[in-house]
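Peer 1: Structure file query_28.txt (compact mmCIF, C-alpha atoms) is given on the next line.
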# COMPACT_ATOMS: atom_id res chain seq x y z
CA MET Q 1 34.98 5.23 12.56
CA ARG Q 2 36.37 5.28 9.03
CA LEU Q 3 34.60 4.43 5.82
CA SER Q 4 36.62 3.76 2.72
CA GLY Q 5 36.00 2.40 -0.72
CA SER Q 6 38.77 1.21 -2.94
CA ARG Q 7 38.60 0.56 -6.66
CA LEU Q 8 34.82 0.24 -6.63
CA THR Q 9 33.22 -0.96 -9.84
CA VAL Q 10 29.51 -1.40 -10.43
CA GLU Q 11 27.92 -2.96 -13.47
CA ARG Q 12 24.24 -2.75 -14.30
CA GLY Q 13 22.72 -4.65 -17.18
CA GLY Q 14 26.13 -5.41 -18.68
CA ARG Q 15 27.16 -1.73 -18.68
CA ILE Q 16 29.86 -0.42 -16.37
CA VAL Q 17 28.38 2.52 -14.46
CA PHE Q 18 31.65 3.52 -12.82
CA SER Q 19 34.94 1.78 -12.25
CA ASN Q 20 37.99 2.05 -9.99
CA LEU Q 21 36.41 4.61 -7.71
CA SER Q 22 38.23 5.20 -4.43
CA PHE Q 23 37.48 7.44 -1.47
CA GLY Q 24 38.05 7.64 2.27
CA LEU Q 25 35.90 9.24 4.93
CA ASP Q 26 36.62 9.76 8.65
CA ALA Q 27 34.21 10.30 11.49
CA GLY Q 28 32.75 13.79 11.16
CA GLY Q 29 33.56 13.89 7.48
CA SER Q 30 31.33 14.30 4.50
CA LEU Q 31 31.54 13.38 0.86
CA THR Q 32 29.51 15.26 -1.71
CA VAL Q 33 29.04 13.20 -4.85
CA THR Q 34 28.44 15.35 -7.92
CA GLY Q 35 28.30 14.78 -11.63
CA PRO Q 36 25.92 14.97 -14.56
CA ASN Q 37 22.77 12.84 -14.86
CA GLY Q 38 23.58 9.19 -15.40
CA ALA Q 39 27.09 9.48 -13.96
CA GLY Q 40 26.30 6.88 -11.29
CA LYS Q 41 25.69 9.00 -8.18
CA SER Q 42 22.60 7.08 -7.08
CA THR Q 43 24.24 3.80 -8.04
CA LEU Q 44 27.19 4.56 -5.76
CA LEU Q 45 24.85 5.33 -2.87
CA ARG Q 46 22.82 2.17 -3.42
CA ALA Q 47 26.02 0.12 -3.58
CA LEU Q 48 27.17 1.64 -0.27
CA ALA Q 49 23.79 0.76 1.26
CA GLY Q 50 24.29 -2.83 0.15
CA LEU Q 51 21.35 -2.63 -2.25
CA LEU Q 52 23.47 -3.25 -5.35
CA PRO Q 53 26.25 -5.78 -5.67
CA LEU Q 54 29.78 -4.57 -6.45
CA SER Q 55 31.41 -6.20 -9.42
CA GLY Q 56 34.81 -5.11 -8.19
CA GLY Q 57 36.55 -3.36 -5.30
CA THR Q 58 35.83 -3.32 -1.59
CA ILE Q 59 33.98 -1.12 0.85
CA SER Q 60 35.38 -1.22 4.35
CA CYS Q 61 34.19 0.36 7.52
CA THR Q 62 36.25 0.21 10.70
CA PRO Q 63 35.43 -0.36 13.44
CA LEU Q 64 32.10 -1.91 12.55
CA SER Q 65 30.13 -2.27 15.76
CA GLY Q 66 27.80 -5.15 15.03
CA GLY Q 67 25.96 -5.95 11.84
CA THR Q 68 26.74 -4.99 8.29
CA LEU Q 69 27.53 -1.55 6.92
CA ALA Q 70 23.94 -1.32 5.63
CA GLU Q 71 22.71 -1.61 9.22
CA GLN Q 72 24.91 1.34 10.24
CA ALA Q 73 23.61 3.49 7.42
CA HIS Q 74 20.52 5.54 6.72
CA TYR Q 75 19.60 5.41 3.06
CA VAL Q 76 17.37 8.20 1.74
CA GLY Q 77 16.64 7.45 -1.90
CA HIS Q 78 14.53 9.13 -4.56
CA ALA Q 79 11.42 7.49 -3.16
CA ASP Q 80 10.30 8.72 0.23
CA ALA Q 81 9.59 5.24 1.64
CA LEU Q 82 6.43 6.41 3.38
CA LYS Q 83 3.04 4.69 3.37
CA ASN Q 84 0.46 7.07 1.91
CA LEU Q 85 -2.39 5.67 3.99
CA LEU Q 86 -0.64 6.09 7.34
CA THR Q 87 -0.09 9.36 9.16
CA VAL Q 88 3.34 10.95 9.39
CA THR Q 89 3.61 9.93 13.04
CA GLU Q 90 2.59 6.33 12.33
CA ASN Q 91 5.14 6.11 9.53
CA LEU Q 92 7.93 7.45 11.72
CA GLN Q 93 6.99 5.26 14.69
CA PHE Q 94 7.20 2.26 12.38
CA LEU Q 95 10.59 3.34 11.03
CA ALA Q 96 11.82 4.01 14.57
CA ALA Q 97 11.09 0.41 15.58
CA MET Q 98 12.16 -1.12 12.28
CA LEU Q 99 15.47 0.68 11.75
CA ASP Q 100 16.58 0.86 15.39
CA ALA Q 101 20.29 0.04 15.34
CA GLY Q 102 20.79 0.38 19.07
CA TYR Q 103 21.97 4.00 19.09
CA GLY Q 104 18.68 5.48 20.25
CA GLY Q 105 17.17 8.54 18.64
CA MET Q 106 14.79 11.45 19.10
CA PRO Q 107 11.09 11.12 19.91
CA VAL Q 108 8.97 11.53 16.78
CA GLU Q 109 7.47 14.87 17.94
CA THR Q 110 10.90 16.42 18.51
CA ALA Q 111 12.18 15.24 15.14
CA LEU Q 112 9.14 16.71 13.37
CA ALA Q 113 9.54 20.00 15.22
CA GLU Q 114 13.19 20.09 14.18
CA LEU Q 115 12.16 19.91 10.52
CA GLY Q 116 9.16 22.22 10.94
CA LEU Q 117 6.55 19.56 10.29
CA SER Q 118 4.74 19.40 13.64
CA HIS Q 119 1.47 20.68 12.16
CA ALA Q 120 1.29 17.73 9.75
CA ALA Q 121 2.07 15.03 12.31
CA ASP Q 122 -1.40 13.48 12.27
CA LEU Q 123 -2.13 13.87 8.56
CA PRO Q 124 -1.99 10.87 6.22
CA VAL Q 125 1.11 11.15 4.06
CA ALA Q 126 -1.09 11.14 0.94
CA TYR Q 127 -2.27 14.69 1.84
CA LEU Q 128 1.22 16.16 2.07
CA SER Q 129 3.01 18.18 -0.60
CA ALA Q 130 6.19 16.86 -2.21
CA GLY Q 131 8.38 19.00 0.04
CA GLN Q 132 6.49 17.97 3.17
CA LYS Q 133 6.83 14.30 2.21
CA ARG Q 134 10.54 14.83 1.73
CA ARG Q 135 10.83 16.38 5.19
CA ALA Q 136 8.85 13.48 6.71
CA ALA Q 137 11.25 11.06 4.99
CA LEU Q 138 14.25 13.00 6.28
CA ALA Q 139 12.83 12.99 9.82
CA LYS Q 140 13.79 9.33 10.09
CA LEU Q 141 17.44 10.44 10.20
CA LEU Q 142 16.66 12.00 13.57
CA VAL Q 143 14.17 9.44 14.88
CA VAL Q 144 16.73 6.66 14.54
CA LYS Q 145 20.41 7.38 15.04
CA ARG Q 146 22.79 5.70 12.62
CA PRO Q 147 26.35 6.88 12.04
CA LEU Q 148 26.39 6.96 8.23
CA TRP Q 149 23.87 8.94 6.20
CA LEU Q 150 23.52 8.11 2.49
CA LEU Q 151 21.46 10.93 1.02
CA ASP Q 152 20.31 10.94 -2.58
CA GLU Q 153 19.28 14.49 -3.55
CA PRO Q 154 18.15 15.25 0.03
CA LEU Q 155 16.97 18.79 -0.73
CA THR Q 156 14.63 17.94 -3.61
CA ALA Q 157 11.41 19.97 -3.36
CA LEU Q 158 12.44 21.66 -0.10
CA ASP Q 159 11.80 25.39 0.33
CA ALA Q 160 14.55 27.79 1.43
CA ALA Q 161 13.62 27.62 5.12
CA SER Q 162 13.58 23.82 5.10
CA GLN Q 163 16.92 23.71 3.27
CA ALA Q 164 18.41 25.86 6.01
CA ARG Q 165 16.92 23.58 8.69
CA MET Q 166 18.32 20.52 6.93
CA ALA Q 167 21.77 22.15 6.66
CA LYS Q 168 21.68 22.63 10.44
CA VAL Q 169 20.65 19.02 11.01
CA MET Q 170 23.46 17.75 8.78
CA ALA Q 171 26.03 20.00 10.48
CA ALA Q 172 24.93 18.70 13.88
CA HIS Q 173 25.27 15.10 12.69
CA LEU Q 174 28.82 15.74 11.51
CA ALA Q 175 29.68 17.55 14.73
CA HIS Q 176 28.64 14.44 16.65
CA GLY Q 177 31.03 12.27 14.70
CA GLY Q 178 28.60 11.08 12.04
CA MET Q 179 29.38 10.72 8.35
CA ILE Q 180 27.44 11.87 5.31
CA VAL Q 181 27.68 10.75 1.72
CA ALA Q 182 25.33 12.88 -0.37
CA ALA Q 183 24.61 12.82 -4.09
CA THR Q 184 23.39 16.16 -5.27
CA HIS Q 185 23.16 18.84 -7.94
CA ALA Q 186 22.32 21.54 -5.39
CA LYS Q 187 24.67 23.30 -2.98
CA LEU Q 188 24.44 21.36 0.28
CA GLY Q 189 27.03 23.47 2.08
CA LEU Q 190 28.81 20.40 3.46
CA PRO Q 191 32.38 21.14 4.51
CA GLY Q 192 34.00 17.88 3.42
CA GLN Q 193 35.41 16.50 0.19
CA GLU Q 194 33.79 16.36 -3.18
CA LEU Q 195 33.78 13.32 -5.43
CA ARG Q 196 33.06 14.17 -9.03
CA LEU Q 197 31.81 11.39 -11.21
CA GLY Q 198 32.27 11.78 -14.95
CA VAL Q 199 30.07 10.57 -17.74
CA LEU Q 200 31.14 7.35 -19.34
CA ALA Q 201 31.12 7.03 -23.07
CA MET X 1 26.89 10.43 23.16
CA LYS X 2 29.38 9.72 20.42
CA ILE X 3 27.69 7.68 17.76
CA GLY X 4 29.44 4.90 15.94
CA GLN X 5 31.01 3.37 19.02
CA ASP X 6 28.46 2.20 21.51
CA ALA X 7 25.74 0.36 19.67
CA GLN X 8 24.00 -2.28 21.73
CA ALA X 9 24.64 -5.73 20.38
CA ASN X 10 21.10 -6.72 19.52
CA PRO X 11 18.33 -4.22 18.94
CA ALA X 12 15.00 -5.79 19.83
CA LEU X 13 13.97 -8.05 16.98
CA GLY X 14 10.50 -8.60 18.37
CA SER X 15 9.59 -4.93 18.48
CA SER X 16 10.61 -4.33 14.86
CA LEU X 17 8.55 -7.29 13.64
CA TYR X 18 5.60 -6.16 15.76
CA ALA X 19 5.89 -2.66 14.28
CA LEU X 20 5.88 -4.15 10.77
CA PHE X 21 2.81 -6.22 11.62
CA VAL X 22 0.95 -3.18 12.97
CA ARG X 23 1.90 -1.11 9.92
CA ASP X 24 0.72 -3.74 7.44
CA MET X 25 -2.53 -4.30 9.34
CA ARG X 26 -3.24 -0.56 9.44
CA ALA X 27 -2.37 0.00 5.80
CA GLY X 28 -4.37 -3.08 4.75
CA ARG X 29 -7.46 -2.01 6.66
CA ARG X 30 -7.34 1.52 5.27
CA ILE X 31 -7.30 0.44 1.63
CA GLY X 32 -10.93 0.95 0.59
CA GLY X 33 -12.97 -1.82 2.16
CA GLY X 34 -9.99 -3.86 3.30
CA THR X 35 -11.14 -7.22 4.63
CA SER X 36 -14.77 -6.93 3.55
CA LEU X 37 -13.83 -6.59 -0.13
CA GLY X 38 -12.15 -10.01 -0.22
CA VAL X 39 -15.22 -11.60 1.36
CA VAL X 40 -17.51 -9.85 -1.14
CA PHE X 41 -15.34 -11.14 -4.01
CA PHE X 42 -15.57 -14.64 -2.47
CA LEU X 43 -19.38 -14.30 -2.31
CA ILE X 44 -19.57 -13.14 -5.94
CA LEU X 45 -17.47 -16.08 -7.17
CA ILE X 46 -19.72 -18.53 -5.29
CA THR X 47 -22.87 -16.87 -6.59
CA LEU X 48 -21.55 -16.93 -10.18
CA SER X 49 -20.80 -20.65 -9.88
CA ALA X 50 -24.30 -21.31 -8.53
CA PHE X 51 -25.87 -19.39 -11.42
CA ALA X 52 -23.70 -21.20 -13.95
CA ILE X 53 -24.52 -24.67 -12.61
CA GLY X 54 -28.24 -24.07 -12.28
CA PRO X 55 -30.92 -24.89 -9.72
CA ASP X 56 -30.04 -28.58 -9.26
CA LEU X 57 -29.78 -28.64 -5.45
CA ALA X 58 -28.45 -32.19 -5.21
CA LEU X 59 -25.64 -31.43 -7.65
CA LEU X 60 -24.83 -28.10 -5.97
CA GLY X 61 -24.61 -29.70 -2.54
CA LYS X 62 -22.30 -32.37 -3.91
CA ILE X 63 -19.82 -30.00 -5.55
CA ALA X 64 -20.16 -27.21 -2.96
CA PRO X 65 -16.82 -28.00 -1.24
CA ALA X 66 -15.03 -27.69 -4.57
CA ILE X 67 -16.80 -24.40 -5.43
CA LEU X 68 -16.01 -22.98 -2.00
CA TRP X 69 -12.37 -23.99 -2.26
CA ILE X 70 -11.76 -22.67 -5.78
CA SER X 71 -13.48 -19.41 -4.84
CA GLY X 72 -11.45 -19.29 -1.64
CA LEU X 73 -8.24 -19.88 -3.59
CA LEU X 74 -8.96 -17.05 -6.04
CA ALA X 75 -10.09 -14.68 -3.28
CA THR X 76 -6.93 -15.41 -1.28
CA LEU X 77 -4.69 -14.61 -4.22
CA LEU X 78 -6.58 -11.35 -4.81
CA GLY X 79 -4.20 -8.54 -4.01
CA LEU X 80 -1.45 -10.94 -2.97
CA ASP X 81 0.68 -9.92 -5.99
CA ARG X 82 0.92 -6.48 -4.34
CA LEU X 83 2.36 -7.94 -1.11
CA PHE X 84 5.88 -6.63 -1.80
CA GLN X 85 5.20 -4.49 -4.86
CA ALA X 86 3.75 -1.58 -2.87
CA ASP X 87 6.84 -1.56 -0.64
CA HIS X 88 9.08 -1.79 -3.69
CA GLU X 89 7.43 1.17 -5.40
CA ASP X 90 7.45 3.57 -2.46
CA GLY X 91 11.03 2.65 -1.53
CA SER X 92 10.26 1.08 1.84
CA LEU X 93 11.55 -2.30 0.65
CA ASP X 94 15.04 -0.72 0.50
CA LEU X 95 14.66 0.26 4.14
CA LEU X 96 13.44 -3.20 5.12
CA LEU X 97 16.55 -4.62 3.43
CA THR X 98 18.83 -2.30 5.44
CA SER X 99 16.93 -2.75 8.71
CA GLY X 100 19.05 -5.59 10.07
CA THR X 101 15.92 -7.71 10.60
CA PRO X 102 16.18 -11.05 8.75
CA LEU X 103 14.24 -10.77 5.49
CA GLU X 104 12.77 -14.25 6.01
CA LEU X 105 11.04 -13.07 9.20
CA ILE X 106 9.87 -9.90 7.44
CA VAL X 107 8.26 -12.06 4.73
CA LEU X 108 6.62 -14.27 7.37
CA VAL X 109 5.19 -11.29 9.28
CA LYS X 110 3.88 -9.66 6.10
CA CYS X 111 2.21 -12.95 5.14
CA LEU X 112 0.66 -13.23 8.60
CA ALA X 113 -0.83 -9.73 8.35
CA HIS X 114 -2.09 -10.42 4.82
CA TRP X 115 -3.64 -13.74 5.87
CA ILE X 116 -5.43 -12.19 8.84
CA LEU X 117 -6.92 -9.58 6.51
CA THR X 118 -7.88 -11.98 3.68
CA GLY X 119 -7.68 -15.70 4.55
CA LEU X 120 -9.19 -15.60 8.03
CA PRO X 121 -12.38 -13.71 6.98
CA LEU X 122 -12.88 -16.25 4.16
CA ALA X 123 -12.74 -19.18 6.55
CA ALA X 124 -15.18 -17.41 8.85
CA ALA X 125 -17.62 -16.60 6.01
CA ALA X 126 -17.43 -20.02 4.31
CA PRO X 127 -20.10 -21.82 6.44
CA PHE X 128 -22.66 -19.09 5.70
CA PHE X 129 -21.92 -19.14 1.98
CA GLY X 130 -22.01 -22.94 2.10
CA LEU X 131 -25.67 -22.70 3.12
CA MET X 132 -26.36 -20.93 -0.18
CA LEU X 133 -25.02 -23.97 -2.03
CA ASP X 134 -27.08 -26.45 0.03
CA LEU X 135 -23.93 -27.81 1.61
CA PRO X 136 -24.88 -30.60 4.11
CA ALA X 137 -24.89 -29.28 7.67
CA ASN X 138 -22.12 -31.58 8.86
CA GLU X 139 -19.81 -30.34 6.11
CA LEU X 140 -20.19 -26.64 7.04
CA TRP X 141 -17.58 -27.02 9.75
CA SER X 142 -15.23 -29.15 7.71
CA VAL X 143 -15.21 -26.50 4.95
CA ALA X 144 -14.44 -23.73 7.45
CA LEU X 145 -11.75 -25.77 9.19
CA SER X 146 -10.09 -26.84 5.93
CA LEU X 147 -10.00 -23.22 4.71
CA LEU X 148 -8.61 -22.12 8.07
CA ALA X 149 -5.82 -24.70 7.82
CA GLY X 150 -5.19 -24.38 4.08
CA THR X 151 -5.32 -20.65 3.26
CA PRO X 152 -2.07 -19.85 5.15
CA ALA X 153 -0.28 -22.21 2.73
CA LEU X 154 -1.87 -20.37 -0.23
CA THR X 155 -0.76 -17.00 1.14
CA LEU X 156 2.80 -18.25 1.70
CA ILE X 157 3.09 -19.90 -1.72
CA GLY X 158 1.69 -16.68 -3.21
CA ALA X 159 4.39 -14.72 -1.39
CA ILE X 160 7.02 -16.52 -3.49
CA GLY X 161 5.28 -15.38 -6.68
CA ALA X 162 4.82 -11.88 -5.28
CA ALA X 163 8.55 -11.70 -4.56
CA LEU X 164 9.47 -12.97 -8.03
CA THR X 165 7.25 -10.41 -9.79
CA VAL X 166 8.02 -7.53 -7.41
CA SER X 167 9.67 -5.28 -9.97
CA LEU X 168 7.21 -5.92 -12.82
CA ARG X 169 4.61 -3.23 -13.36
CA ARG X 170 1.96 -5.57 -14.75
CA GLY X 171 3.04 -8.67 -12.88
CA GLY X 172 -0.46 -9.76 -11.84
CA LEU X 173 -1.07 -12.25 -14.64
CA LEU X 174 2.44 -13.71 -14.50
CA PHE X 175 1.96 -14.02 -10.75
CA ALA X 176 -1.22 -16.07 -11.24
CA VAL X 177 0.39 -18.27 -13.91
CA LEU X 178 3.38 -18.96 -11.64
CA ILE X 179 1.44 -19.60 -8.47
CA LEU X 180 -1.80 -21.38 -9.38
CA PRO X 181 -0.11 -24.67 -10.42
CA LEU X 182 1.77 -24.70 -7.10
CA CYS X 183 -1.55 -24.45 -5.27
CA VAL X 184 -2.82 -27.77 -6.67
CA PRO X 185 -1.73 -29.99 -3.72
CA VAL X 186 -3.34 -27.62 -1.23
CA LEU X 187 -6.52 -27.57 -3.35
CA ILE X 188 -6.70 -31.37 -3.61
CA PHE X 189 -6.38 -32.03 0.11
CA GLY X 190 -8.43 -28.96 0.99
CA VAL X 191 -11.41 -30.15 -1.06
CA ALA X 192 -10.94 -33.70 0.22
CA ALA X 193 -11.05 -32.48 3.83
CA ALA X 194 -13.93 -30.11 3.16
CA GLY X 195 -16.04 -32.84 1.54
CA ALA X 196 -15.27 -35.47 4.17
CA GLY X 197 -18.65 -35.40 5.88
CA ALA X 198 -20.64 -38.23 7.41
CA GLY X 199 -21.40 -39.98 4.10
CA SER X 200 -17.85 -39.86 2.80
CA MET X 201 -15.49 -42.79 2.33
CA VAL X 202 -12.49 -40.89 3.75
CA PRO X 203 -12.41 -39.79 7.38
CA PHE X 204 -11.97 -36.02 7.87
CA ALA X 205 -8.68 -36.39 9.75
CA THR X 206 -6.65 -37.94 6.91
CA PRO X 207 -6.78 -35.16 4.29
CA PHE X 208 -7.01 -32.51 7.02
CA LEU X 209 -3.72 -33.57 8.62
CA ILE X 210 -2.01 -33.63 5.22
CA LEU X 211 -3.39 -30.12 4.63
CA CYS X 212 -1.94 -29.01 7.97
CA ALA X 213 1.39 -30.58 6.97
CA LEU X 214 1.36 -28.66 3.66
CA THR X 215 0.81 -25.43 5.58
CA LEU X 216 3.66 -26.23 7.97
CA ILE X 217 5.96 -26.99 5.03
CA ALA X 218 4.97 -23.68 3.43
CA ILE X 219 5.69 -21.82 6.70
CA ALA X 220 9.10 -23.48 6.89
CA GLY X 221 10.08 -23.09 3.23
CA ALA X 222 8.28 -20.22 1.53
CA PRO X 223 9.86 -17.36 3.55
CA PHE X 224 13.31 -18.49 2.46
CA ALA X 225 12.30 -18.79 -1.19
CA ALA X 226 10.53 -15.41 -1.16
CA ALA X 227 13.42 -13.69 0.65
CA LEU X 228 15.89 -15.11 -1.87
CA ALA X 229 13.76 -13.87 -4.76
CA LEU X 230 13.42 -10.43 -3.15
CA ARG X 231 17.18 -10.10 -2.67
CA GLN X 232 17.78 -11.09 -6.29
CA THR X 233 15.13 -8.94 -7.93
CA SER X 234 15.53 -5.82 -5.83
CA THR X 235 19.18 -5.35 -6.76
Render the structure in this file as structure tokens.

Peer 2:
Amino acid sequence: MRLSGSRLTVERGGRIVFSNLSFGLDAGGSLTVTGPNGAGKSTLLRALAGLLPLSGGTISCTPLSGGTLAEQAHYVGHADALKNLLTVTENLQFLAAMLDAGYGGMPVETALAELGLSHAADLPVAYLSAGQKRRAALAKLLVVKRPLWLLDEPLTALDAASQARMAKVMAAHLAHGGMIVAATHAKLGLPGQELRLGVLA
Amino acid sequence: MKIGQDAQANPALGSSLYALFVRDMRAGRRIGGGTSLGVVFFLILITLSAFAIGPDLALLGKIAPAILWISGLLATLLGLDRLFQADHEDGSLDLLLTSGTPLELIVLVKCLAHWILTGLPLAAAAPFFGLMLDLPANELWSVALSLLAGTPALTLIGAIGAALTVSLRRGGLLFAVLILPLCVPVLIFGVAAAGAGAGSMVPFATPFLILCALTLIAIAGAPFAAALALRQTST
């Protein structure tokens, strides 16, 4: 599987966020997107997830086994996409059924154990701390398998132990032929390329 | 297993929609009061109307279908502006958009869950509240039946407004301004069916069947309109 973008341009509210951006990513590869605030890191990720229209350029993914690129991708944005009133397990069971792309995935308990969140499985999300919510949101990466991970600041609010766990999870995903595009200010320790976005005047 | 090569062609559509239905029902029931709050609001609106009109029983009985329907309309729209907004704010709308499930079906399932939690209890409570307004006994059933057939249309029309105002923080008033005029046909035939008792000139079936037709049109059209609005506004 190969993901490539060529001459990508995104415009928001009449302002060009970035233009003529190109990259290529092979199975098992990762792309760390860095740059100062406002450089368009989140915008690039949202465009890859199909949540923002491109005003120029093309994103191609070959071979695409059924569905659109968005359906092959996990998008983890700034918001955790969890329902506060439901428990962690209920949230993940919902996401497992909703996001299932036909690749299978881990049982919810195993995924929570992997991220050290087993003790909070039956708590409503509203009671969790920011870091615990983040881990619950990241657990969906394991509960549903999708080849491409689009991670926007995945380590926000995570403690050192959780960051190490997440690094292991990401390494395992790459080792299995997955791909990661991550926007971050922190050191993720991903082996692949780095894409540095500049600030536009 | 190598990922990226052996996806099954069609992940079960039914199970994802069922999961969405269960999630919305659970979340809806756990919001303080859930179903009962809508019914209490319905009761308060009816009581306020009765107090405003005064103790003229003959007049109350005559306009009871209209009072019940206007109250039902307002109680149905209560909280409907949040139908997609909550998902938009916590980021789960982004996931629904990347789920591979058609957005039109997602809208339909969310409306179904919302209607079961708000519209259905109203229809069930209407005959009892009708007694308070001295509604003739033979019209108790026609009011309940007309609300049962008409409130799904209100929920679905409301979904269009909810989708249009999804990214607005204080979209509630705009939502009402957009949606209430569109509810007029449903209101007209709803009240006509509700008031079509034994003494009426019009048989119950005529306005009731038109009301059913309006609901069917809403089921067929509103999900597409709402999904289009969601795709436009969420990007």

Peer 1: For Ala159 of chain X, list every protein, DNA or RNA residue within 8 Å, evaluated using all atoms listed in the file, and leave out those in the same chain fewer than 3 positions away; present the list as a ChimeraX atom specification.

Peer 2: /X:80-81,83,107,111,155-156,162-163,222-223,226

Peer 1: Looking at Q:Ser42, Q:Asn91, Q:Ser55, Q:Thr9, which one is nearest to Leu20 of chain X, with distances taken over all atoms listed in the file?

Peer 2: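 Using all atoms listed in the file, the shortest distance to Leu20 of chain X belongs to Q:Asn91.
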
Peer 1: Wanna dump the chain Q-chain X contacts at 7 Å for me, each residue with its shortest atom pair and the distance in Å to one decimal, counting only C-alpha atoms, ordered by chain and number, as JSON lines?

Peer 2:
{"residue": "Q:Met1", "atom": "CA", "partner": "X:Gly4", "partner_atom": "CA", "distance": 6.5}
{"residue": "Q:Leu51", "atom": "CA", "partner": "X:Thr235", "partner_atom": "CA", "distance": 5.7}
{"residue": "Q:Leu52", "atom": "CA", "partner": "X:Thr235", "partner_atom": "CA", "distance": 5.0}
{"residue": "Q:Ser65", "atom": "CA", "partner": "X:Ala7", "partner_atom": "CA", "distance": 6.4}
{"residue": "Q:Gly66", "atom": "CA", "partner": "X:Ala9", "partner_atom": "CA", "distance": 6.2}
{"residue": "Q:Ala70", "atom": "CA", "partner": "X:Thr98", "partner_atom": "CA", "distance": 5.2}
{"residue": "Q:Glu71", "atom": "CA", "partner": "X:Thr98", "partner_atom": "CA", "distance": 5.5}
{"residue": "Q:Ala79", "atom": "CA", "partner": "X:Gly91", "partner_atom": "CA", "distance": 5.1}
{"residue": "Q:Asp80", "atom": "CA", "partner": "X:Gly91", "partner_atom": "CA", "distance": 6.4}
{"residue": "Q:Ala81", "atom": "CA", "partner": "X:Ser92", "partner_atom": "CA", "distance": 4.2}
{"residue": "Q:Leu82", "atom": "CA", "partner": "X:Asp90", "partner_atom": "CA", "distance": 6.6}
{"residue": "Q:Leu85", "atom": "CA", "partner": "X:Ala27", "partner_atom": "CA", "distance": 6.0}
{"residue": "Q:Leu86", "atom": "CA", "partner": "X:Ala27", "partner_atom": "CA", "distance": 6.5}
{"residue": "Q:Phe94", "atom": "CA", "partner": "X:Ala19", "partner_atom": "CA", "distance": 5.4}
{"residue": "Q:Ala97", "atom": "CA", "partner": "X:Ser16", "partner_atom": "CA", "distance": 4.8}
{"residue": "Q:Met98", "atom": "CA", "partner": "X:Ser16", "partner_atom": "CA", "distance": 4.4}
{"residue": "Q:Leu99", "atom": "CA", "partner": "X:Ser99", "partner_atom": "CA", "distance": 4.8}
{"residue": "Q:Asp100", "atom": "CA", "partner": "X:Pro11", "partner_atom": "CA", "distance": 6.4}
{"residue": "Q:Ala101", "atom": "CA", "partner": "X:Pro11", "partner_atom": "CA", "distance": 5.9}
{"residue": "Q:Gly102", "atom": "CA", "partner": "X:Gln8", "partner_atom": "CA", "distance": 4.9}
{"residue": "Q:Tyr103", "atom": "CA", "partner": "X:Ala7", "partner_atom": "CA", "distance": 5.3}
{"residue": "Q:Pro147", "atom": "CA", "partner": "X:Gly4", "partner_atom": "CA", "distance": 5.4}
{"residue": "Q:His176", "atom": "CA", "partner": "X:Lys2", "partner_atom": "CA", "distance": 6.1}
{"residue": "Q:Gly177", "atom": "CA", "partner": "X:Ile3", "partner_atom": "CA", "distance": 6.4}
{"residue": "Q:Gly178", "atom": "CA", "partner": "X:Ile3", "partner_atom": "CA", "distance": 6.7}

Peer 1: Restricting it to C-alpha atoms, dump the selection as a PDB file, in the coordinates of the input.

Peer 2:
ATOM      1  CA  MET Q   1      34.980   5.230  12.560  1.00  0.00           C
ATOM      2  CA  LEU Q  51      21.350  -2.630  -2.250  1.00  0.00           C
ATOM      3  CA  LEU Q  52      23.470  -3.250  -5.350  1.00  0.00           C
ATOM      4  CA  SER Q  65      30.130  -2.270  15.760  1.00  0.00           C
ATOM      5  CA  GLY Q  66      27.800  -5.150  15.030  1.00  0.00           C
ATOM      6  CA  ALA Q  70      23.940  -1.320   5.630  1.00  0.00           C
ATOM      7  CA  GLU Q  71      22.710  -1.610   9.220  1.00  0.00           C
ATOM      8  CA  ALA Q  79      11.420   7.490  -3.160  1.00  0.00           C
ATOM      9  CA  ASP Q  80      10.300   8.720   0.230  1.00  0.00           C
ATOM     10  CA  ALA Q  81       9.590   5.240   1.640  1.00  0.00           C
ATOM     11  CA  LEU Q  82       6.430   6.410   3.380  1.00  0.00           C
ATOM     12  CA  LEU Q  85      -2.390   5.670   3.990  1.00  0.00           C
ATOM     13  CA  LEU Q  86      -0.640   6.090   7.340  1.00  0.00           C
ATOM     14  CA  PHE Q  94       7.200   2.260  12.380  1.00  0.00           C
ATOM     15  CA  ALA Q  97      11.090   0.410  15.580  1.00  0.00           C
ATOM     16  CA  MET Q  98      12.160  -1.120  12.280  1.00  0.00           C
ATOM     17  CA  LEU Q  99      15.470   0.680  11.750  1.00  0.00           C
ATOM     18  CA  ASP Q 100      16.580   0.860  15.390  1.00  0.00           C
ATOM     19  CA  ALA Q 101      20.290   0.040  15.340  1.00  0.00           C
ATOM     20  CA  GLY Q 102      20.790   0.380  19.070  1.00  0.00           C
ATOM     21  CA  TYR Q 103      21.970   4.000  19.090  1.00  0.00           C
ATOM     22  CA  PRO Q 147      26.350   6.880  12.040  1.00  0.00           C
ATOM     23  CA  HIS Q 176      28.640  14.440  16.650  1.00  0.00           C
ATOM     24  CA  GLY Q 177      31.030  12.270  14.700  1.00  0.00           C
ATOM     25  CA  GLY Q 178      28.600  11.080  12.040  1.00  0.00           C
TER      26      GLY Q 178
END

Peer 1: Please, what distance in Å, to one decimal, runs between atom CA of Ala126 of chain Q and atom CA of Gln85 of chain X?

Peer 2: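 Straight-line distance from atom CA of Ala126 of chain Q to atom CA of Gln85 of chain X works out to 17.8 Å.
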
Peer 1: What is the atom CA of Val166 of chain X to atom CA of Leu69 of chain Q distance in Å?

Peer 2: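 Computed distance, atom CA of Val166 of chain X to atom CA of Leu69 of chain Q, equals 24.9 Å.
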